[in-house]
>>> print(open('structure26.cif').read())   # mmCIF, C-alpha atoms
data_query
#
loop_
_atom_site.label_atom_id
_atom_site.label_comp_id
_atom_site.auth_asym_id
_atom_site.auth_seq_id
_atom_site.Cartn_x
_atom_site.Cartn_y
_atom_site.Cartn_z
CA MET A 1 34.51 57.33 57.91
CA ALA A 2 31.33 58.52 56.20
CA TYR A 3 31.46 60.79 53.16
CA GLY A 4 28.59 62.99 52.12
CA TYR A 5 28.08 66.10 50.02
CA ILE A 6 31.21 67.65 48.55
CA THR A 7 29.96 71.19 49.20
CA LYS A 8 28.58 72.88 52.31
CA LEU A 9 24.90 73.81 52.18
CA ASP A 10 24.41 77.57 52.18
CA LYS A 11 22.71 78.97 55.29
CA ASN A 12 19.97 80.51 53.13
CA VAL A 13 19.14 77.24 51.33
CA GLU A 14 17.17 74.23 52.50
CA ARG A 15 17.57 70.72 51.11
CA LYS A 16 14.98 67.94 51.26
CA HIS A 17 15.38 64.33 50.17
CA VAL A 18 12.56 62.88 48.04
CA ARG A 19 11.80 59.67 46.16
CA TYR A 20 9.53 59.17 43.16
CA ASN A 21 9.13 56.64 40.36
CA ASN A 22 10.03 57.02 36.72
CA ARG A 23 7.48 55.83 34.15
CA TYR A 24 8.92 52.32 34.36
CA GLY A 25 8.21 52.18 38.10
CA ILE A 26 11.87 52.45 39.16
CA ALA A 27 12.35 54.61 42.26
CA ILE A 28 14.64 57.61 41.88
CA ALA A 29 16.38 59.21 44.85
CA ALA A 30 16.58 62.99 44.57
CA ASP A 31 17.30 66.14 46.55
CA ILE A 32 15.27 69.34 46.29
CA TYR A 33 17.05 72.64 47.06
CA ALA A 34 15.15 75.89 47.57
CA PRO A 35 15.67 79.30 49.16
CA LYS A 36 14.52 79.43 52.76
CA ASP A 37 11.46 81.35 53.95
CA LEU A 38 9.51 81.37 50.70
CA LYS A 39 5.92 82.60 50.87
CA ASP A 40 3.27 79.90 50.49
CA ASP A 41 2.15 81.13 47.07
CA GLN A 42 5.60 82.04 45.75
CA LEU A 43 6.59 80.27 42.50
CA LEU A 44 10.15 80.03 41.19
CA PRO A 45 11.80 78.67 38.05
CA ALA A 46 13.26 75.19 38.48
CA LEU A 47 16.45 73.49 37.29
CA ILE A 48 17.20 69.77 37.05
CA ILE A 49 20.91 69.04 37.55
CA GLY A 50 22.17 65.88 35.81
CA ALA A 51 25.32 64.29 37.22
CA PRO A 52 28.40 63.19 35.28
CA TYR A 53 28.41 59.56 34.12
CA GLY A 54 29.00 57.24 37.07
CA SER A 55 28.61 60.11 39.53
CA THR A 56 25.99 60.94 42.15
CA LYS A 57 23.83 63.80 43.39
CA GLU A 58 26.19 64.49 46.32
CA GLN A 59 29.05 65.42 44.00
CA SER A 60 29.02 68.08 41.25
CA PRO A 61 25.20 68.40 41.13
CA ALA A 62 25.18 69.51 44.77
CA VAL A 63 27.58 72.36 43.91
CA TYR A 64 25.28 73.64 41.16
CA ALA A 65 22.03 73.05 43.04
CA ASN A 66 23.25 74.85 46.14
CA LYS A 67 24.37 77.86 44.12
CA PHE A 68 21.32 78.18 41.90
CA ALA A 69 18.99 77.90 44.89
CA GLN A 70 20.78 80.99 46.22
CA LEU A 71 20.03 82.66 42.88
CA GLY A 72 16.30 82.07 43.19
CA TYR A 73 15.62 78.64 41.67
CA VAL A 74 14.16 75.42 42.98
CA THR A 75 16.78 72.85 42.00
CA LEU A 76 16.59 69.07 41.81
CA THR A 77 19.51 66.65 41.80
CA PHE A 78 19.09 62.90 41.40
CA ASP A 79 20.91 59.60 41.34
CA GLN A 80 20.55 57.80 38.05
CA VAL A 81 18.62 54.51 38.10
CA TYR A 82 20.83 51.60 39.21
CA MET A 83 23.14 54.15 40.84
CA GLY A 84 23.59 55.70 44.28
CA GLU A 85 20.42 55.66 46.37
CA SER A 86 18.09 55.08 43.43
CA ALA A 87 16.53 51.68 42.80
CA GLY A 88 17.38 49.14 40.12
CA GLU A 89 19.13 45.78 40.10
CA PRO A 90 21.78 44.79 39.26
CA ARG A 91 23.73 47.82 40.40
CA HIS A 92 25.78 50.07 38.09
CA VAL A 93 23.95 49.12 34.90
CA ALA A 94 23.79 52.05 32.47
CA SER A 95 21.05 52.55 29.89
CA PRO A 96 20.98 55.70 27.74
CA ASP A 97 17.22 55.37 27.29
CA LEU A 98 16.58 55.14 31.04
CA TYR A 99 19.18 57.83 31.77
CA ALA A 100 17.36 60.26 29.47
CA GLU A 101 14.04 59.20 31.00
CA SER A 102 15.35 60.24 34.43
CA PHE A 103 15.32 63.89 33.34
CA SER A 104 11.69 63.64 32.26
CA ALA A 105 10.80 61.84 35.49
CA ALA A 106 12.27 64.82 37.35
CA VAL A 107 10.02 67.12 35.30
CA ASP A 108 7.06 64.92 36.27
CA TYR A 109 7.88 65.41 39.95
CA LEU A 110 8.65 69.12 39.78
CA GLY A 111 5.49 69.89 37.85
CA THR A 112 3.13 68.03 40.18
CA LYS A 113 4.60 67.40 43.63
CA ALA A 114 7.30 69.96 44.38
CA ALA A 115 6.38 73.17 46.21
CA HIS A 116 7.09 76.64 44.81
CA VAL A 117 7.78 75.46 41.23
CA ASN A 118 6.54 77.33 38.17
CA ARG A 119 5.96 74.30 35.94
CA ASP A 120 6.21 76.52 32.83
CA GLN A 121 9.80 77.46 33.74
CA ILE A 122 11.73 74.20 34.06
CA GLY A 123 15.24 73.88 32.68
CA VAL A 124 18.09 71.36 32.69
CA ILE A 125 21.78 71.57 33.50
CA GLY A 126 23.67 68.47 32.35
CA ILE A 127 27.22 68.01 33.62
CA SER A 128 29.76 65.99 31.61
CA GLY A 129 28.16 62.64 30.70
CA GLY A 130 24.83 63.84 32.07
CA ALA A 131 24.73 66.51 29.37
CA GLY A 132 24.25 64.09 26.48
CA PHE A 133 21.34 62.36 28.20
CA GLY A 134 19.86 65.74 29.11
CA LEU A 135 19.96 66.82 25.47
CA SER A 136 18.29 63.58 24.41
CA ALA A 137 15.49 64.12 26.93
CA THR A 138 15.04 67.77 25.97
CA ALA A 139 14.69 66.87 22.28
CA VAL A 140 11.44 65.00 23.00
CA ASP A 141 10.17 66.55 26.26
CA THR A 142 8.76 69.99 25.42
CA ARG A 143 8.18 70.74 29.11
CA ILE A 144 11.91 71.42 29.35
CA LYS A 145 12.20 75.05 28.26
CA ALA A 146 15.99 75.44 28.11
CA ILE A 147 19.15 73.40 28.65
CA ALA A 148 22.76 74.20 29.54
CA THR A 149 25.52 71.63 29.10
CA ILE A 150 28.64 71.79 31.27
CA SER A 151 31.90 70.13 30.10
CA MET A 152 29.76 67.94 27.88
CA TYR A 153 30.46 64.29 27.14
CA ASP A 154 28.38 62.20 24.74
CA MET A 155 28.69 58.75 26.31
CA THR A 156 26.86 57.19 23.35
CA ASP A 157 29.62 58.25 20.96
CA ILE A 158 31.87 55.30 21.78
CA ARG A 159 32.96 54.88 18.18
CA GLU A 160 34.56 58.33 18.07
CA MET A 161 35.56 58.37 21.74
CA ALA A 162 37.80 55.36 21.23
CA ASN A 163 38.66 56.31 17.61
CA LEU A 164 37.82 52.80 16.47
CA ALA A 165 38.57 51.43 13.03
CA PRO A 166 35.86 49.13 11.58
CA GLU A 167 37.69 45.96 12.56
CA GLN A 168 38.26 47.31 16.09
CA LEU A 169 34.58 48.16 16.40
CA PHE A 170 33.64 44.62 15.44
CA GLN A 171 36.12 43.23 17.98
CA LEU A 172 34.60 45.42 20.70
CA LYS A 173 31.08 44.30 19.84
CA ASP A 174 32.19 40.68 19.74
CA GLN A 175 33.93 40.96 23.11
CA LEU A 176 30.93 42.63 24.75
CA SER A 177 28.46 40.22 23.16
CA LYS A 178 30.37 37.20 24.49
CA GLN A 179 30.64 38.87 27.90
CA ARG A 180 26.85 38.59 28.11
CA TRP A 181 27.23 34.79 28.23
CA VAL A 182 29.75 35.13 31.06
CA ASP A 183 27.49 37.52 32.97
CA PHE A 184 24.49 35.23 32.50
CA GLU A 185 26.39 32.21 33.79
CA ASN A 186 27.72 34.18 36.76
CA GLY A 187 24.30 35.56 37.62
CA GLN A 188 25.68 39.11 37.75
CA PRO A 189 27.32 41.56 35.34
CA ASP A 190 31.02 42.25 35.17
CA TYR A 191 31.84 45.56 36.87
CA HIS A 192 35.16 47.34 37.39
CA PRO A 193 35.00 50.69 39.23
CA ASN A 194 37.42 53.39 38.15
CA PHE A 195 37.97 54.99 41.52
CA PRO A 196 39.01 53.77 45.00
CA GLU A 197 36.71 52.83 47.88
CA THR A 198 38.28 55.54 50.04
CA PRO A 199 39.92 58.79 48.90
CA PHE A 200 43.58 59.64 48.86
CA ASN A 201 44.65 62.43 51.20
CA ASN A 202 46.48 64.65 48.75
CA LEU A 203 47.67 64.99 45.16
CA ASP A 204 51.09 63.53 45.89
CA ASP A 205 49.49 60.24 46.95
CA LEU A 206 47.71 59.67 43.62
CA PRO A 207 49.13 57.00 41.31
CA ASP A 208 50.67 58.43 38.17
CA GLN A 209 48.81 57.11 35.13
CA ASP A 210 47.94 58.48 31.70
CA GLU A 211 47.02 62.17 31.43
CA LEU A 212 43.26 61.63 31.20
CA THR A 213 43.11 59.18 34.10
CA ASN A 214 45.20 61.56 36.20
CA GLU A 215 42.63 64.29 35.59
CA TRP A 216 39.72 62.08 36.72
CA LEU A 217 41.68 61.04 39.81
CA ARG A 218 42.33 64.67 40.77
CA PHE A 219 38.58 65.01 41.30
CA TYR A 220 37.06 61.63 42.12
CA ALA A 221 39.94 60.04 44.07
CA LEU A 222 40.49 62.97 46.44
CA LYS A 223 38.22 64.32 49.18
CA ARG A 224 37.56 67.18 46.75
CA GLY A 225 35.05 65.09 44.78
CA PHE A 226 34.96 61.64 46.35
CA HIS A 227 31.77 59.80 47.22
CA PRO A 228 31.53 56.03 47.85
CA ASN A 229 28.51 55.76 45.53
CA GLY A 230 30.32 57.52 42.68
CA ARG A 231 32.86 54.94 41.52
CA GLY A 232 32.94 56.35 38.01
CA SER A 233 31.91 53.57 35.68
CA ALA A 234 29.14 51.18 34.67
CA THR A 235 28.96 47.45 34.08
CA THR A 236 31.10 46.25 31.19
CA THR A 237 28.21 45.31 28.91
CA SER A 238 26.56 48.72 29.41
CA ASN A 239 28.66 49.81 26.45
CA LEU A 240 26.46 47.67 24.21
CA ALA A 241 23.53 49.90 25.11
CA MET A 242 25.60 52.98 24.31
CA LEU A 243 26.46 51.52 20.90
CA GLU A 244 22.73 51.12 20.14
CA PHE A 245 21.79 54.71 21.00
CA SER A 246 22.77 58.17 19.76
CA ALA A 247 22.05 60.98 22.19
CA LEU A 248 22.35 63.72 19.57
CA ASP A 249 20.21 62.29 16.76
CA TYR A 250 17.38 64.75 17.39
CA ILE A 251 19.24 67.70 18.86
CA LYS A 252 17.88 69.97 16.11
CA GLU A 253 14.37 69.35 17.46
CA ILE A 254 15.20 71.20 20.68
CA SER A 255 14.76 74.43 18.71
CA PRO A 256 13.13 76.92 19.28
CA ARG A 257 14.09 76.24 22.90
CA PRO A 258 17.61 77.58 23.65
CA ILE A 259 20.79 75.64 24.40
CA LEU A 260 23.91 76.93 26.17
CA PHE A 261 27.19 74.98 25.83
CA VAL A 262 29.71 75.76 28.59
CA TYR A 263 33.21 74.31 28.44
CA GLY A 264 36.80 75.15 29.24
CA ASP A 265 39.37 76.23 26.68
CA LYS A 266 41.70 73.50 28.01
CA ALA A 267 39.06 70.81 28.39
CA HIS A 268 40.00 67.47 26.84
CA SER A 269 36.28 67.10 26.10
CA ARG A 270 35.71 70.37 24.25
CA SER A 271 35.16 68.62 20.91
CA TYR A 272 31.91 67.13 22.25
CA SER A 273 30.48 70.57 23.01
CA GLU A 274 31.69 71.98 19.71
CA ARG A 275 30.18 69.10 17.73
CA ALA A 276 26.86 69.37 19.56
CA TYR A 277 26.86 73.13 19.00
CA TYR A 278 27.42 72.55 15.28
CA LEU A 279 24.56 70.04 15.11
CA ALA A 280 22.08 72.12 17.11
CA SER A 281 19.73 74.64 15.56
CA GLN A 282 19.28 78.20 16.76
CA PRO A 283 18.87 79.59 19.36
CA LYS A 284 22.17 78.33 20.72
CA GLN A 285 25.12 79.84 22.53
CA LYS A 286 28.55 78.69 23.60
CA LEU A 287 30.52 79.98 26.55
CA VAL A 288 34.21 79.09 26.63
CA VAL A 289 35.83 79.54 30.04
CA LYS A 290 39.46 80.65 29.92
CA ASP A 291 42.27 78.68 31.57
CA CYS A 292 39.84 75.92 32.43
CA GLU A 293 40.05 72.12 32.18
CA HIS A 294 37.17 69.65 32.13
CA ILE A 295 36.93 68.98 35.86
CA ASP A 296 37.26 72.67 36.80
CA LEU A 297 33.59 73.03 35.92
CA TYR A 298 32.65 70.25 38.34
CA ASP A 299 33.31 72.25 41.50
CA ASN A 300 35.62 75.24 41.03
CA LEU A 301 33.54 78.20 42.18
CA GLU A 302 36.07 80.59 40.69
CA LYS A 303 35.75 79.07 37.22
CA ILE A 304 32.06 78.12 36.92
CA PRO A 305 30.24 81.11 35.32
CA PHE A 306 27.13 80.90 37.51
CA ASP A 307 26.12 84.48 36.77
CA LEU A 308 26.12 83.99 33.00
CA ILE A 309 24.28 80.67 33.24
CA ASP A 310 21.73 82.41 35.45
CA VAL A 311 21.22 85.12 32.82
CA PHE A 312 20.78 82.43 30.14
CA PHE A 313 17.98 80.70 32.01
CA LYS A 314 16.21 83.84 33.14
CA ASP A 315 16.26 85.16 29.57
CA SER A 316 15.01 81.78 28.34
CA PHE A 317 12.07 81.78 30.74
CA ILE A 318 10.74 85.22 29.75
#
>>> encode(input="structure26.cif", output="structure tokens")
Amino acid sequence: MAYGYITKLDKNVERKHVRYNNRYGIAIAADIYAPKDLKDDQLLPALIIGAPYGSTKEQSPAVYANKFAQLGYVTLTFDQVYMGESAGEPRHVASPDLYAESFSAAVDYLGTKAAHVNRDQIGVIGISGGAGFGLSATAVDTRIKAIATISMYDMTDIREMANLAPEQLFQLKDQLSKQRWVDFENGQPDYHPNFPETPFNNLDDLPDQDELTNEWLRFYALKRGFHPNGRGSATTTSNLAMLEFSALDYIKEISPRPILFVYGDKAHSRSYSERAYYLASQPKQKLVVKDCEHIDLYDNLEKIPFDLIDVFFKDSFI
């Protein structure tokens, strides 16, 4: 059985698949969404939608892109390099530098090749792990005029994420460093996907694990959010790259461009948004969604505050 987009394309929206290279020459697979029946000379603001870590353009980004195209934007979703339908070997390698670069590569495309785009009104929406890389890109790419983070994760903050003591941090580095020898001898990197090859049919079928894993499974392991290209992790030694990089080092330099942090009041990840908000300079806003967990903002149309995010970007583009 084939699995595709997790949301139905609105009848008033058209979607086109495109490919373009980043500045390293790696091909990126992307989808462009736009309202139907635009006039030839009509220009719209554009939004780049960055997927959660280990996820693909057919999952949460499709939900956001479909909706914001209805609201009058050209939207672009993409598979990260080494992921999904994008190029890069070996598969499932994660690099924070290249992941941030993917947002700027999308700006390159939107500002030169995409129809109906006002290149002076380009913004970013980063979802979960995609938010940290989106912030990193925005800090240095002034063509991005505003950014909204959704259920933010900073995947480069492994030290705090795992709450590692100094000796534990050394052990992790030592383990990952020695894994490089194993990978080199094997001719391929160690990789362990988090989610199944096919989805479970209902909640009752899911294995009962720890609370956080159960939450991920409620999205990625059910038809609700499943896609065979979105297995939810990267190669084992990708964590070495995350330990060498800090996505939020230059977040203050996004100012005077605005940032909106959107997260649920019950999100296990809310500390990432709150820390980033604290580190950022004005103008900045935070929007806390009531009775909302992390994955609610992946696809729950009743919880995602599309109207308020729309106001944020339209005010930012004035």
>>> residues_around(input="structure26.cif", residues="Ser104 in chain A", least_positions_apart="6", cutoff="10 Å", atoms="only C-alpha atoms", output="MDAnalysis selection string")
chainID A and resid 22:23 48 98 110 134 137:138 140:144
>>> closest_residue(input="structure26.cif", among="A:Leu176, A:Lys303, A:Phe313, A:Val74", to="Asn118 in chain A", atoms="all atoms listed in the file")
A:Val74
>>> atom_distance(input="structure26.cif", atom1="CA of Ile147 in chain A", atom2="CA of Asn66 in chain A")
18.0 Å
>>> closest_residue(input="structure26.cif", among="A:Met242, A:Ala29, A:Ala51, A:Ala267", to="Leu212 in chain A", atoms="all atoms listed in the file")
A:Ala267
>>> residues_around(input="structure26.cif", residues="Glu244 in chain A", least_positions_apart="2", cutoff="12 Å", atoms="only C-alpha atoms", output="PyMOL selection string")
chain A and resi 95-97+155-159+173+237-242+246-247+249
>>> closest_residue(input="structure26.cif", among="A:Ser55, A:Asn12, A:Ser60, A:Thr7", to="Asp296 in chain A", atoms="only C-alpha atoms")
A:Ser60
>>> atom_distance(input="structure26.cif", atom1="CA of Val182 in chain A", atom2="CA of Ala94 in chain A")
18.0 Å
>>> resolve_selection(input="structure26.cif", expression="the PyMOL selection byres ((chain A and resi 128) around 7)", output="JSON list (two decimals) with C-alpha atoms, in the frame of the given file")
[["chain", "number", "residue", "atom", "x", "y", "z"],
["A", 52, "PRO", "CA", 28.40, 63.19, 35.28],
["A", 126, "GLY", "CA", 23.67, 68.47, 32.35],
["A", 127, "ILE", "CA", 27.22, 68.01, 33.62],
["A", 129, "GLY", "CA", 28.16, 62.64, 30.70],
["A", 130, "GLY", "CA", 24.83, 63.84, 32.07],
["A", 131, "ALA", "CA", 24.73, 66.51, 29.37],
["A", 150, "ILE", "CA", 28.64, 71.79, 31.27],
["A", 151, "SER", "CA", 31.90, 70.13, 30.10],
["A", 152, "MET", "CA", 29.76, 67.94, 27.88],
["A", 153, "TYR", "CA", 30.46, 64.29, 27.14]]
>>> residues_around(input="structure26.cif", residues="Ser136 in chain A", least_positions_apart="5", cutoff="7 Å", atoms="all atoms listed in the file", output="list in words")
Ala100, Ala247, Leu248 and Ile251 of chain A
>>> resolve_selection(input="structure26.cif", expression="the PyMOL selection byres ((chain A and resi 59) around 8)", output="ChimeraX atom specification")
/A:5-7,51,55-58,60-63,225-227
>>> closest_residue(input="structure26.cif", among="A:Val93, A:Ala46, A:Leu260, A:Leu169", to="Ala114 in chain A", atoms="all atoms listed in the file")
A:Ala46
>>> atom_distance(input="structure26.cif", atom1="CA of Gly111 in chain A", atom2="CA of Lys284 in chain A")
25.4 Å
>>> resolve_selection(input="structure26.cif", expression="the PyMOL selection byres ((chain A and resi 286) around 8)", output="PyMOL selection string")
chain A and resi 260-262+277+284-285+287-288
>>> write_last_selection(input="structure26.cif", atoms="C-alpha atoms", output="PDB file, in the coordinates of the input")
ATOM      1  CA  LEU A 260      23.910  76.930  26.170  1.00  0.00           C
ATOM      2  CA  PHE A 261      27.190  74.980  25.830  1.00  0.00           C
ATOM      3  CA  VAL A 262      29.710  75.760  28.590  1.00  0.00           C
ATOM      4  CA  TYR A 277      26.860  73.130  19.000  1.00  0.00           C
ATOM      5  CA  LYS A 284      22.170  78.330  20.720  1.00  0.00           C
ATOM      6  CA  GLN A 285      25.120  79.840  22.530  1.00  0.00           C
ATOM      7  CA  LEU A 287      30.520  79.980  26.550  1.00  0.00           C
ATOM      8  CA  VAL A 288      34.210  79.090  26.630  1.00  0.00           C
TER       9      VAL A 288
END
>>> closest_residue(input="structure26.cif", among="A:Glu274, A:Asp37, A:Asp205, A:Asp79", to="His92 in chain A", atoms="all atoms listed in the file")
A:Asp79
>>> closest_residue(input="structure26.cif", among="A:Tyr99, A:Tyr109, A:Tyr272, A:Tyr24", to="Tyr82 in chain A", atoms="only C-alpha atoms")
A:Tyr99
>>> residues_around(input="structure26.cif", residues="Pro258 in chain A", least_positions_apart="4", cutoff="10 Å", atoms="all atoms listed in the file", output="list in words")
Lys145, Ala146, Ile147, Ala148, Ile254, Ala280, Ser281, Gln282, Pro283, Lys284, Gln285, Phe312, Phe313, Asp315, Ser316 and Phe317 of chain A
>>> write_last_selection(input="structure26.cif", atoms="C-alpha atoms", output="JSON list (two decimals), keeping the file's coordinate frame")
[["chain", "number", "residue", "atom", "x", "y", "z"],
["A", 145, "LYS", "CA", 12.20, 75.05, 28.26],
["A", 146, "ALA", "CA", 15.99, 75.44, 28.11],
["A", 147, "ILE", "CA", 19.15, 73.40, 28.65],
["A", 148, "ALA", "CA", 22.76, 74.20, 29.54],
["A", 254, "ILE", "CA", 15.20, 71.20, 20.68],
["A", 280, "ALA", "CA", 22.08, 72.12, 17.11],
["A", 281, "SER", "CA", 19.73, 74.64, 15.56],
["A", 282, "GLN", "CA", 19.28, 78.20, 16.76],
["A", 283, "PRO", "CA", 18.87, 79.59, 19.36],
["A", 284, "LYS", "CA", 22.17, 78.33, 20.72],
["A", 285, "GLN", "CA", 25.12, 79.84, 22.53],
["A", 312, "PHE", "CA", 20.78, 82.43, 30.14],
["A", 313, "PHE", "CA", 17.98, 80.70, 32.01],
["A", 315, "ASP", "CA", 16.26, 85.16, 29.57],
["A", 316, "SER", "CA", 15.01, 81.78, 28.34],
["A", 317, "PHE", "CA", 12.07, 81.78, 30.74]]
>>> axis_aligned_box(input="structure26.cif", around="range 159-165 of chain A", padding_each_side="5 Å", output="AutoDock Vina command-line options")
--center_x 35.8 --center_y 54.9 --center_z 17.4 --size_x 15.7 --size_y 16.9 --size_z 18.7
>>> residues_around(input="structure26.cif", residues="range 193-196 of chain A", least_positions_apart="5", cutoff="10 Å", atoms="only C-alpha atoms", output="PyMOL selection string")
chain A and resi 54+92+213+216-217+220-222+226-228+230-236
>>> decode(input="structure26.cif", residues="range 63-71 of chain A", atoms="all heavy atoms", output="tab-separated table (two decimals), in the first residue's frame")
chain	number	residue	atom	x	y	z
A	63	VAL	N	0.35	20.10	5.76
A	63	VAL	CA	-0.81	20.67	6.46
A	63	VAL	C	-0.72	22.20	6.46
A	63	VAL	O	-1.69	22.91	6.14
A	63	VAL	CB	-0.89	20.12	7.90
A	63	VAL	CG1	-2.02	20.80	8.67
A	63	VAL	CG2	-1.07	18.61	7.88
A	64	TYR	N	0.44	22.71	6.81
A	64	TYR	CA	0.65	24.16	6.88
A	64	TYR	C	0.65	24.79	5.48
A	64	TYR	O	0.04	25.85	5.27
A	64	TYR	CB	1.96	24.47	7.61
A	64	TYR	CG	1.85	24.38	9.10
A	64	TYR	CD1	1.84	23.14	9.74
A	64	TYR	CD2	1.74	25.52	9.89
A	64	TYR	CE1	1.73	23.04	11.12
A	64	TYR	CE2	1.63	25.43	11.27
A	64	TYR	CZ	1.62	24.18	11.88
A	64	TYR	OH	1.50	24.10	13.25
A	65	ALA	N	1.32	24.16	4.54
A	65	ALA	CA	1.41	24.74	3.20
A	65	ALA	C	0.05	24.80	2.53
A	65	ALA	O	-0.29	25.81	1.88
A	65	ALA	CB	2.37	23.90	2.35
A	66	ASN	N	-0.74	23.78	2.69
A	66	ASN	CA	-2.08	23.73	2.11
A	66	ASN	C	-2.95	24.85	2.68
A	66	ASN	O	-3.66	25.55	1.94
A	66	ASN	CB	-2.69	22.37	2.38
A	66	ASN	CG	-4.04	22.17	1.73
A	66	ASN	OD1	-4.24	22.51	0.57
A	66	ASN	ND2	-4.97	21.60	2.48
A	67	LYS	N	-2.87	25.05	3.99
A	67	LYS	CA	-3.69	26.06	4.64
A	67	LYS	C	-3.24	27.48	4.28
A	67	LYS	O	-4.07	28.34	3.96
A	67	LYS	CB	-3.65	25.86	6.16
A	67	LYS	CG	-4.51	26.86	6.93
A	67	LYS	CD	-6.00	26.70	6.59
A	67	LYS	CE	-6.85	27.64	7.44
A	67	LYS	NZ	-8.29	27.50	7.10
A	68	PHE	N	-1.95	27.73	4.31
A	68	PHE	CA	-1.49	29.09	4.05
A	68	PHE	C	-1.61	29.46	2.57
A	68	PHE	O	-1.74	30.65	2.25
A	68	PHE	CB	-0.07	29.28	4.58
A	68	PHE	CG	-0.03	29.57	6.05
A	68	PHE	CD1	0.27	28.57	6.95
A	68	PHE	CD2	-0.35	30.83	6.53
A	68	PHE	CE1	0.27	28.83	8.31
A	68	PHE	CE2	-0.35	31.10	7.88
A	68	PHE	CZ	-0.04	30.10	8.79
A	69	ALA	N	-1.63	28.49	1.68
A	69	ALA	CA	-1.93	28.80	0.29
A	69	ALA	C	-3.38	29.29	0.16
A	69	ALA	O	-3.67	30.21	-0.61
A	69	ALA	CB	-1.71	27.57	-0.60
A	70	GLN	N	-4.27	28.71	0.96
A	70	GLN	CA	-5.66	29.19	0.97
A	70	GLN	C	-5.75	30.62	1.51
A	70	GLN	O	-6.68	31.36	1.16
A	70	GLN	CB	-6.51	28.26	1.84
A	70	GLN	CG	-6.64	26.84	1.33
A	70	GLN	CD	-7.33	25.94	2.34
A	70	GLN	OE1	-8.46	26.22	2.77
A	70	GLN	NE2	-6.66	24.87	2.74
A	71	LEU	N	-4.80	31.00	2.34
A	71	LEU	CA	-4.80	32.33	2.95
A	71	LEU	C	-4.06	33.37	2.11
A	71	LEU	O	-3.88	34.51	2.54
A	71	LEU	CB	-4.19	32.26	4.35
A	71	LEU	CG	-5.00	31.46	5.38
A	71	LEU	CD1	-4.23	31.29	6.68
A	71	LEU	CD2	-6.35	32.14	5.65
